[in-house]
$ cat run_38.tsv   # TSV, C-alpha atoms and all ligand atoms
chain	number	residue	atom	x	y	z
G	18	MET	CA	0.00	0.00	0.00
G	19	VAL	CA	2.82	2.38	0.91
G	20	LEU	CA	4.54	1.53	-2.36
G	21	LEU	CA	1.33	2.19	-4.28
G	22	PHE	CA	1.05	5.70	-2.84
G	23	ALA	CA	4.73	6.33	-3.47
G	24	LEU	CA	4.27	5.48	-7.15
G	25	CYS	CA	1.21	7.62	-7.43
G	26	PRO	CA	2.18	11.27	-8.03
G	27	LEU	CA	-0.04	13.85	-6.38
G	28	GLY	CA	-2.88	15.07	-8.50
G	29	ILE	CA	-2.67	12.29	-11.05
G	30	GLY	CA	-3.71	9.21	-9.19
G	31	ILE	CA	-6.99	9.69	-7.39
G	32	SER	CA	-7.63	6.42	-5.65
G	33	ALA	CA	-11.09	4.93	-5.61
G	34	SER	CA	-11.52	5.74	-1.97
G	35	SER	CA	-12.34	9.42	-2.50
G	36	PRO	CA	-16.12	9.55	-2.02
G	37	THR	CA	-18.29	10.82	-4.85
G	38	ILE	CA	-20.21	14.04	-4.36
G	39	ARG	CA	-23.21	15.37	-6.27
G	40	VAL	CA	-23.09	19.13	-6.77
G	41	ARG	CA	-26.07	21.04	-8.13
G	42	ILE	CA	-24.58	23.42	-10.68
G	43	LEU	CA	-27.77	24.78	-12.29
G	44	HIS	CA	-31.50	24.61	-11.68
G	45	ASN	CA	-34.81	25.99	-12.90
G	46	LYS	CA	-33.56	26.01	-16.49
G	47	SER	CA	-35.79	25.18	-19.42
G	48	ARG	CA	-32.81	24.30	-21.62
G	49	VAL	CA	-29.09	23.95	-21.41
G	50	GLN	CA	-26.24	23.63	-23.92
G	51	VAL	CA	-23.90	20.67	-23.37
G	52	GLY	CA	-20.80	19.33	-25.09
G	53	ALA	CA	-17.33	18.12	-24.19
G	54	THR	CA	-13.66	18.72	-24.84
G	55	GLY	CA	-13.51	15.28	-26.50
G	56	SER	CA	-16.00	12.52	-27.16
G	57	TYR	CA	-19.02	12.03	-24.92
G	58	LYS	CA	-22.25	10.14	-24.65
G	59	ILE	CA	-25.70	10.56	-23.24
G	60	GLN	CA	-27.63	7.69	-21.74
G	61	THR	CA	-30.62	6.84	-19.60
G	62	LEU	CA	-29.83	5.85	-16.01
G	63	ASP	CA	-30.40	2.15	-16.81
G	64	SER	CA	-28.04	2.49	-19.84
G	65	LEU	CA	-30.70	0.88	-22.07
G	66	LYS	CA	-30.63	3.86	-24.38
G	67	GLU	CA	-27.41	5.54	-25.36
G	68	LEU	CA	-26.14	7.97	-27.95
G	69	SER	CA	-22.46	8.71	-28.58
G	70	PHE	CA	-20.86	11.88	-29.89
G	71	PRO	CA	-17.40	11.12	-31.19
G	72	SER	CA	-15.96	14.62	-31.35
G	73	SER	CA	-15.80	17.79	-29.35
G	74	HIS	CA	-17.41	19.73	-32.20
G	75	SER	CA	-20.90	18.53	-31.54
G	76	THR	CA	-22.87	20.47	-28.98
G	77	LEU	CA	-26.29	19.51	-27.89
G	78	THR	CA	-29.32	21.33	-26.59
G	79	VAL	CA	-30.98	19.50	-23.74
G	80	GLU	CA	-34.43	20.80	-22.92
G	81	ALA	CA	-37.39	20.14	-20.70
G	82	SER	CA	-40.59	19.11	-22.46
G	83	GLN	CA	-43.98	17.68	-21.58
G	84	GLN	CA	-42.75	14.28	-22.76
G	85	GLY	CA	-39.64	14.47	-20.59
G	86	ILE	CA	-36.08	15.48	-21.42
G	87	LEU	CA	-35.55	16.26	-25.09
G	88	ALA	CA	-32.07	15.89	-26.66
G	89	SER	CA	-30.90	15.19	-30.20
G	90	GLY	CA	-34.50	14.93	-31.43
G	91	GLN	CA	-35.41	12.17	-28.98
G	92	THR	CA	-37.16	11.99	-25.62
G	93	TRP	CA	-35.27	10.45	-22.71
G	94	GLY	CA	-37.56	10.37	-19.71
G	95	ALA	CA	-37.00	12.25	-16.46
G	96	GLN	CA	-33.23	11.77	-16.09
G	97	ILE	CA	-30.17	11.39	-18.26
G	98	LEU	CA	-26.46	11.02	-17.72
G	99	ILE	CA	-23.88	12.81	-19.81
G	100	LYS	CA	-20.55	11.00	-19.63
G	101	PRO	CA	-17.11	11.55	-21.10
G	102	GLY	CA	-16.33	9.12	-23.92
G	103	GLU	CA	-12.68	8.85	-22.93
G	104	ARG	CA	-10.77	9.56	-19.75
G	105	GLU	CA	-9.41	12.99	-20.72
G	106	SER	CA	-12.68	14.36	-22.01
G	107	LEU	CA	-14.38	17.00	-19.86
G	108	ILE	CA	-18.10	17.63	-20.12
G	109	ARG	CA	-19.09	21.19	-20.96
G	110	VAL	CA	-22.26	22.77	-19.57
G	111	GLY	CA	-22.80	26.25	-20.95
G	112	SER	CA	-19.36	27.88	-20.95
G	113	ARG	CA	-17.87	25.78	-18.12
G	114	ARG	CA	-16.01	22.46	-18.16
G	115	TYR	CA	-16.60	19.83	-15.49
G	116	ARG	CA	-14.81	16.71	-14.33
G	117	GLY	CA	-16.77	13.52	-13.72
G	118	GLN	CA	-20.24	13.18	-15.19
G	119	ILE	CA	-23.38	15.27	-15.46
G	120	LEU	CA	-26.81	14.23	-14.36
G	121	VAL	CA	-29.73	16.09	-15.91
G	122	ARG	CA	-33.05	15.76	-14.16
G	123	GLN	CA	-36.42	17.18	-15.14
G	124	LYS	CA	-38.34	18.39	-12.12
G	125	ASN	CA	-41.84	19.55	-13.00
G	126	SER	CA	-41.20	21.43	-16.21
G	127	LEU	CA	-37.63	22.56	-15.55
G	128	LEU	CA	-34.14	21.08	-15.54
G	129	GLU	CA	-31.76	20.56	-12.66
G	130	ILE	CA	-28.12	19.92	-13.57
G	131	VAL	CA	-25.92	18.00	-11.16
G	132	ASN	CA	-22.18	17.34	-11.47
G	133	GLU	CA	-21.12	13.99	-10.00
G	134	LEU	CA	-17.40	13.65	-9.29
G	135	PRO	CA	-14.85	12.59	-6.66
G	136	LEU	CA	-14.92	14.90	-3.64
G	137	GLU	CA	-11.21	15.67	-4.02
G	138	GLU	CA	-11.65	16.83	-7.63
G	139	TYR	CA	-14.67	18.89	-6.59
G	140	LEU	CA	-12.44	20.71	-4.07
G	141	TRP	CA	-10.02	21.68	-6.85
G	142	GLY	CA	-12.83	23.87	-8.24
G	143	VAL	CA	-13.72	25.46	-4.89
G	144	ILE	CA	-10.50	27.05	-3.59
G	145	LYS	CA	-10.01	29.81	-6.18
G	146	PRO	CA	-13.66	30.95	-6.27
G	147	GLU	CA	-13.86	30.99	-2.45
G	148	ILE	CA	-10.48	32.48	-1.46
G	149	SER	CA	-7.36	33.08	-3.58
G	150	PRO	CA	-4.45	30.83	-4.59
G	151	LYS	CA	-2.21	33.80	-3.78
G	152	TRP	CA	-2.94	33.50	-0.07
G	153	PRO	CA	-0.28	32.08	2.28
G	154	ARG	CA	0.16	28.33	2.05
G	155	ALA	CA	-0.97	27.65	5.65
G	156	SER	CA	-4.15	29.71	5.12
G	157	ILE	CA	-5.02	27.77	1.96
G	158	LEU	CA	-4.26	24.42	3.65
G	159	ALA	CA	-6.54	25.36	6.56
G	160	PHE	CA	-9.28	26.39	4.15
G	161	THR	CA	-9.03	23.18	2.07
G	162	ILE	CA	-9.68	21.18	5.25
G	163	ALA	CA	-12.60	23.39	6.26
G	164	ALA	CA	-14.10	23.16	2.74
G	165	ARG	CA	-13.60	19.37	2.58
G	166	THR	CA	-15.19	18.94	6.01
G	167	TYR	CA	-18.14	21.12	4.99
G	168	ALA	CA	-18.74	19.03	1.85
G	169	PHE	CA	-18.10	15.68	3.57
G	170	LYS	CA	-20.65	16.51	6.27
G	171	LYS	CA	-23.21	17.24	3.53
G	172	LEU	CA	-22.31	13.99	1.81
G	173	LYS	CA	-23.15	12.08	4.98
G	174	ASP	CA	-26.40	13.94	5.56
G	175	PRO	CA	-29.37	11.71	4.60
G	176	SER	CA	-31.67	14.68	3.89
G	177	ALA	CA	-29.20	16.10	1.35
G	178	ASN	CA	-29.08	12.67	-0.26
G	179	ALA	CA	-32.84	12.56	-0.58
G	180	SER	CA	-32.93	15.84	-2.50
G	181	GLY	CA	-30.84	14.33	-5.31
G	182	TYR	CA	-27.68	16.31	-4.65
G	183	HIS	CA	-25.47	16.96	-1.64
G	184	ILE	CA	-24.41	20.53	-2.10
G	185	SER	CA	-25.10	23.55	-4.31
G	186	SER	CA	-22.40	25.44	-6.21
G	187	GLU	CA	-23.55	28.82	-4.97
G	188	GLN	CA	-22.75	31.05	-2.02
G	189	ASP	CA	-25.38	29.45	0.25
G	190	ASP	CA	-23.09	26.38	0.28
G	191	GLN	CA	-19.63	26.57	-1.29
G	192	VAL	CA	-18.86	28.40	-4.51
G	193	TYR	CA	-17.74	25.86	-7.14
G	194	ARG	CA	-16.93	26.70	-10.76
G	195	GLY	CA	-15.78	23.35	-12.17
G	196	VAL	CA	-12.49	23.29	-14.10
G	197	GLU	CA	-12.87	27.05	-14.69
G	198	GLY	CA	-12.43	27.54	-10.93
G	199	GLU	CA	-9.24	25.47	-10.73
G	200	ASP	CA	-5.71	26.65	-10.11
G	201	SER	CA	-2.79	24.19	-10.24
G	202	TYR	CA	-1.18	25.45	-7.02
G	203	ALA	CA	-4.49	25.38	-5.12
G	204	SER	CA	-5.12	21.82	-6.40
G	205	GLU	CA	-1.68	20.78	-5.16
G	206	LEU	CA	-2.58	22.01	-1.69
G	207	VAL	CA	-5.93	20.18	-1.83
G	208	ASN	CA	-3.97	17.01	-2.66
G	209	GLU	CA	-1.63	17.66	0.22
G	210	THR	CA	-4.49	17.55	2.72
G	211	ARG	CA	-6.30	14.74	0.88
G	212	GLY	CA	-8.92	13.00	3.01
G	213	ARG	CA	-8.32	15.19	6.05
G	214	ILE	CA	-11.47	16.14	7.93
G	215	LEU	CA	-12.16	18.07	11.13
G	216	THR	CA	-13.81	16.21	13.99
G	217	TYR	CA	-14.95	17.08	17.49
G	218	LEU	CA	-15.07	14.15	19.94
G	219	GLY	CA	-14.99	11.82	16.95
G	220	GLU	CA	-17.90	13.48	15.09
G	221	ILE	CA	-17.47	15.31	11.77
G	222	ILE	CA	-17.97	18.99	12.52
G	223	GLU	CA	-20.19	21.62	10.94
G	224	SER	CA	-17.30	23.64	9.48
G	225	SER	CA	-19.02	26.95	8.74
G	226	TYR	CA	-16.97	29.86	7.48
G	227	HIS	CA	-17.47	33.39	6.20
G	228	ALA	CA	-15.51	36.21	4.54
G	229	CYS	CA	-14.70	38.40	7.56
G	230	CYS	CA	-15.97	38.37	11.15
G	231	GLY	CA	-15.30	42.07	11.81
G	232	GLY	CA	-13.35	41.44	15.00
G	233	TYR	CA	-15.63	38.94	16.75
G	234	THR	CA	-16.90	35.60	15.48
G	235	ALA	CA	-20.48	34.50	16.23
G	236	SER	CA	-21.85	31.41	17.94
G	237	SER	CA	-23.82	29.07	15.69
G	238	LYS	CA	-26.54	28.87	18.34
G	239	ASP	CA	-27.03	32.65	18.26
G	240	VAL	CA	-27.16	32.76	14.46
G	241	TRP	CA	-29.05	29.59	13.54
G	242	GLY	CA	-30.39	28.21	16.82
G	243	GLY	CA	-30.13	24.44	17.25
G	244	GLU	CA	-27.78	22.74	19.62
G	245	TYR	CA	-24.81	24.40	21.27
G	246	ARG	CA	-21.61	23.58	19.40
G	247	PRO	CA	-18.53	24.14	21.57
G	248	TYR	CA	-16.33	24.54	18.47
G	249	LEU	CA	-18.58	27.26	16.93
G	250	VAL	CA	-18.57	29.84	19.70
G	251	ALA	CA	-18.26	33.63	19.68
G	252	LYS	CA	-14.69	34.77	20.19
G	253	ARG	CA	-12.59	37.83	19.68
G	254	ASP	CA	-10.55	37.84	16.46
G	255	ASP	CA	-7.92	40.55	16.03
G	256	PHE	CA	-6.41	38.90	12.95
G	257	CYS	CA	-8.83	40.30	10.36
G	258	LYS	CA	-8.46	43.95	11.44
G	259	LYS	CA	-6.52	45.00	8.35
G	260	SER	CA	-8.92	43.33	5.94
G	261	PRO	CA	-10.65	45.59	3.37
G	262	TYR	CA	-13.91	43.99	4.55
G	263	PHE	CA	-13.36	44.93	8.19
G	264	ASP	CA	-15.40	48.18	8.11
G	265	TRP	CA	-18.32	49.10	5.94
G	266	ASP	CA	-21.11	51.59	5.77
G	267	PHE	CA	-24.36	51.64	3.93
G	268	LYS	CA	-26.80	54.48	3.43
G	269	ILE	CA	-30.39	53.95	2.36
G	270	GLU	CA	-33.43	56.21	2.03
G	271	ALA	CA	-36.19	55.40	4.53
G	272	THR	CA	-38.66	54.89	1.65
G	273	ASP	CA	-36.32	52.41	-0.06
G	274	LEU	CA	-35.82	50.55	3.21
G	275	ARG	CA	-39.58	50.30	3.58
G	276	GLU	CA	-39.86	48.92	0.02
G	277	ARG	CA	-37.25	46.24	0.64
G	278	LEU	CA	-39.04	45.08	3.79
G	279	LYS	CA	-42.33	45.05	1.90
G	280	LYS	CA	-40.86	42.76	-0.76
G	281	ARG	CA	-40.11	40.32	2.06
G	282	GLY	CA	-43.71	40.48	3.26
G	283	LEU	CA	-43.28	43.05	6.04
G	284	VAL	CA	-45.69	45.87	5.28
G	285	LEU	CA	-45.00	48.96	7.41
G	286	GLY	CA	-46.09	52.59	7.53
G	287	ARG	CA	-43.62	55.40	7.13
G	288	ILE	CA	-40.48	54.43	9.06
G	289	TYR	CA	-39.32	56.77	11.84
G	290	ARG	CA	-36.67	54.95	13.79
G	291	ILE	CA	-34.74	51.70	14.09
G	292	LYS	CA	-33.96	50.67	17.65
G	293	LEU	CA	-31.44	47.90	18.33
G	294	LEU	CA	-32.84	45.79	21.18
G	295	GLU	CA	-30.55	42.86	21.78
G	296	PHE	CA	-26.98	41.89	20.95
G	297	ASP	CA	-24.86	38.76	21.15
G	298	GLU	CA	-21.55	38.85	23.02
G	299	GLY	CA	-19.67	40.18	19.96
G	300	ARG	CA	-22.33	42.93	19.57
G	301	ARG	CA	-24.05	41.44	16.56
G	302	VAL	CA	-27.67	42.59	16.45
G	303	LYS	CA	-29.94	39.79	17.59
G	304	ARG	CA	-33.21	41.71	17.68
G	305	LEU	CA	-34.35	45.15	16.54
G	306	GLN	CA	-37.48	47.22	16.50
G	307	ILE	CA	-38.75	49.43	13.69
G	308	GLU	CA	-40.96	52.32	14.76
G	309	HIS	CA	-43.30	53.32	11.97
G	310	GLN	CA	-46.48	55.26	11.29
G	311	ALA	CA	-48.76	52.33	12.10
G	312	GLY	CA	-46.91	50.98	15.15
G	313	LYS	CA	-43.84	48.96	15.95
G	314	ALA	CA	-42.40	45.88	14.28
G	315	GLU	CA	-39.82	43.59	15.79
G	316	LEU	CA	-37.52	41.28	13.88
G	317	THR	CA	-34.26	39.41	14.27
G	318	GLY	CA	-31.03	40.94	13.02
G	319	LYS	CA	-30.63	37.98	10.68
G	320	ASP	CA	-34.08	38.43	9.08
G	321	PHE	CA	-33.54	42.17	8.80
G	322	ARG	CA	-30.21	41.64	7.02
G	323	GLN	CA	-31.80	39.13	4.67
G	324	ALA	CA	-34.62	41.54	3.81
G	325	ILE	CA	-32.27	44.47	3.13
G	326	GLY	CA	-29.80	42.28	1.22
G	327	GLY	CA	-26.62	40.61	2.49
G	328	GLY	CA	-24.45	42.50	-0.01
G	329	ASP	CA	-25.57	45.92	1.27
G	330	LEU	CA	-25.96	45.08	4.93
G	331	ARG	CA	-22.83	42.93	5.01
G	332	SER	CA	-23.28	41.64	8.55
G	333	THR	CA	-25.46	42.02	11.63
G	334	LEU	CA	-22.54	43.67	13.43
G	335	PHE	CA	-23.74	47.23	12.91
G	336	ALA	CA	-24.97	50.48	14.44
G	337	VAL	CA	-27.64	52.60	12.74
G	338	GLU	CA	-28.55	56.28	12.79
G	339	ARG	CA	-31.11	58.38	11.03
G	340	HIS	CA	-29.84	61.37	9.02
G	341	HIS	CA	-32.75	63.31	7.53
G	342	ARG	CA	-34.43	60.99	5.07
G	343	TYR	CA	-31.65	58.40	5.24
G	344	PHE	CA	-30.69	55.56	7.52
G	345	VAL	CA	-26.94	55.20	7.83
G	346	PHE	CA	-25.54	51.82	8.88
G	347	GLU	CA	-21.97	51.48	10.05
G	348	GLY	CA	-20.80	47.93	10.44
G	349	LYS	CA	-17.98	45.45	10.58
G	350	GLY	CA	-17.19	42.22	8.71
G	351	TRP	CA	-18.92	40.35	5.93
G	352	GLY	CA	-21.07	37.28	6.41
G	353	HIS	CA	-22.73	35.44	9.30
G	354	GLY	CA	-19.57	35.35	11.41
G	355	VAL	CA	-19.78	31.67	12.40
G	356	GLY	CA	-16.64	29.49	12.31
G	357	LEU	CA	-13.58	30.30	10.24
G	358	CYS	CA	-13.05	33.95	9.27
G	359	GLN	CA	-11.38	33.77	5.83
G	360	GLU	CA	-9.70	37.17	6.18
G	361	GLY	CA	-8.43	36.29	9.65
G	362	ALA	CA	-7.14	32.92	8.41
G	363	LYS	CA	-5.28	34.77	5.66
G	364	ALA	CA	-3.64	37.13	8.16
G	365	MET	CA	-2.71	34.24	10.48
G	366	GLY	CA	-0.89	32.59	7.58
G	367	GLU	CA	0.93	35.84	6.85
G	368	GLN	CA	2.03	35.98	10.48
G	369	GLY	CA	3.53	32.49	10.30
G	370	TYR	CA	0.86	30.40	12.02
G	371	THR	CA	0.50	26.80	10.80
G	372	TYR	CA	-2.70	25.48	9.25
G	373	LYS	CA	-3.35	23.46	12.42
G	374	GLU	CA	-3.07	26.61	14.56
G	375	ILE	CA	-5.47	28.43	12.24
G	376	LEU	CA	-8.01	25.61	12.48
G	377	GLU	CA	-7.58	25.37	16.25
G	378	PHE	CA	-8.23	29.11	16.58
G	379	TYR	CA	-11.45	29.11	14.56
G	380	TYR	CA	-12.74	25.62	15.49
G	381	PRO	CA	-11.44	25.23	19.05
G	382	GLY	CA	-11.13	21.72	20.44
G	383	THR	CA	-11.31	20.00	17.06
G	384	THR	CA	-8.94	17.39	15.59
G	385	VAL	CA	-7.76	16.86	12.01
G	386	GLU	CA	-8.34	13.21	11.10
G	387	THR	CA	-7.52	11.37	7.89
G	388	PHE	CA	-10.67	9.65	6.62
G	389	TYR	CA	-9.33	8.21	3.36
S	401	ZN	ZN	-12.16	37.82	11.72

$ encode --input "run_38.tsv" --output "structure tokens"
Amino acid sequence: MVLLFALCPLGIGISASSPTIRVRILHNKSRVQVGATGSYKIQTLDSLKELSFPSSHSTLTVEASQQGILASGQTWGAQILIKPGERESLIRVGSRRYRGQILVRQKNSLLEIVNELPLEEYLWGVIKPEISPKWPRASILAFTIAARTYAFKKLKDPSANASGYHISSEQDDQVYRGVEGEDSYASELVNETRGRILTYLGEIIESSYHACCGGYTASSKDVWGGEYRPYLVAKRDDFCKKSPYFDWDFKIEATDLRERLKKRGLVLGRIYRIKLLEFDEGRRVKRLQIEHQAGKAELTGKDFRQAIGGGDLRSTLFAVERHHRYFVFEGKGWGHGVGLCQEGAKAMGEQGYTYKEILEFYYPGTTVETFY
């Protein structure tokens, strides 16, 4: 076994023991353009029907229809697989190339596109879109382990399995861009931590992370409720102080604010004042009250942020003041604040901390274990 690994250069030999993950890359599409960098084939899940395309020149429109999936002038039922014809061929969906195979599913009258591939190869396409391959080596190593743990936990979650995919390729999970998101150096570092997962008392952890905590991370219980997780607690973080995301401000007209809340189903009269009622230990807003023409409305900081938009109101770590017809928010950090702070992890790497020290700081009490 040792000899086998020694003969197997990093990045080339992916052993069969890397689990396979299903990543939803597109959904709610009525049609999608597919192809490949070499030959490819489409087939039904039972392989009873199959069609091969010998060259990379042929692209195919796959569309949803009342008779099921329509491709190459034929109907294929509710699901098809698009597979590379030879080992080197990469399937193309729209303008992006993907490793592994593609599963197209018709749900009601629309298509859902899922990329099925080894977890390790999936991670190659996550690092660059989520952080940057230019970050210090220790910071990237720490992040590869956090990202692998996040995906592995999803892989083991039966409810994710039931939905037909484990993880989405968007910001609500982990940003994944297929081969277009890869970088050879980042992939090398993924390979270096291959199979390594974070555990707490033997259990795979919920390895949440975010762009910048703004000086204080948040406890998962405060943000999402659920059980207390001793490795996802609020703690002071001085490492991200120099990050460009550390401070922010956002100014919005009271009428616009009212509109945004209305779009989320909260209909209010003219807004007079926003009063912050309750904070967590890092001073993230837990609850606030909006005084308006028809009374008072109370909501959580998290719901308020969601209604206003997470790109404008970058975190719930803010203060707010009224200036004439505007509300001015001054805040810190970007994201929910739970778990690893990417900007802080970057700074820790710059200051010479090891990847294990970075992980221990953001997920205290956890252990790095090799699962495969
Ligand atoms: Zn931070």

$ closest_residue --input "run_38.tsv" --among "G:Pro261, G:Pro101, G:Pro175, G:Pro36" --to "ligand ZN 401 (chain S)" --atoms "only C-alpha atoms and all ligand atoms"
G:Pro261

$ atom_distance --input "run_38.tsv" --atom1 "atom CA of G:Val51" --atom2 "atom CA of G:Gly94"
17.5 Å

$ closest_residue --input "run_38.tsv" --among "G:Thr333, G:Thr383, G:Asn125, G:Thr234" --to "G:Glu298" --atoms "only C-alpha atoms"
G:Thr234

$ closest_residue --input "run_38.tsv" --among "G:Cys230, G:Ile221, G:Ile42, G:Leu334" --to "ligand ZN 401 (chain S)" --atoms "only C-alpha atoms and all ligand atoms"
G:Cys230

$ residues_around --input "run_38.tsv" --residues "G:Ser204" --least-positions-apart "6" --cutoff "12 Å" --atoms "all atoms listed in the file" --output "list of chain:residue names"
G:Leu27, G:Gly28, G:Ile29, G:Glu137, G:Glu138, G:Tyr139, G:Leu140, G:Trp141, G:Gly142, G:Val143, G:Ile144, G:Lys145, G:Ser149, G:Pro150, G:Arg154, G:Ile157, G:Leu158, G:Thr161, G:Val196, G:Gly198, G:Thr210, G:Arg211

$ closest_residue --input "run_38.tsv" --among "G:Leu68, G:Leu62, G:Leu249, G:Ala311" --to "G:Gly90" --atoms "only C-alpha atoms"
G:Leu68
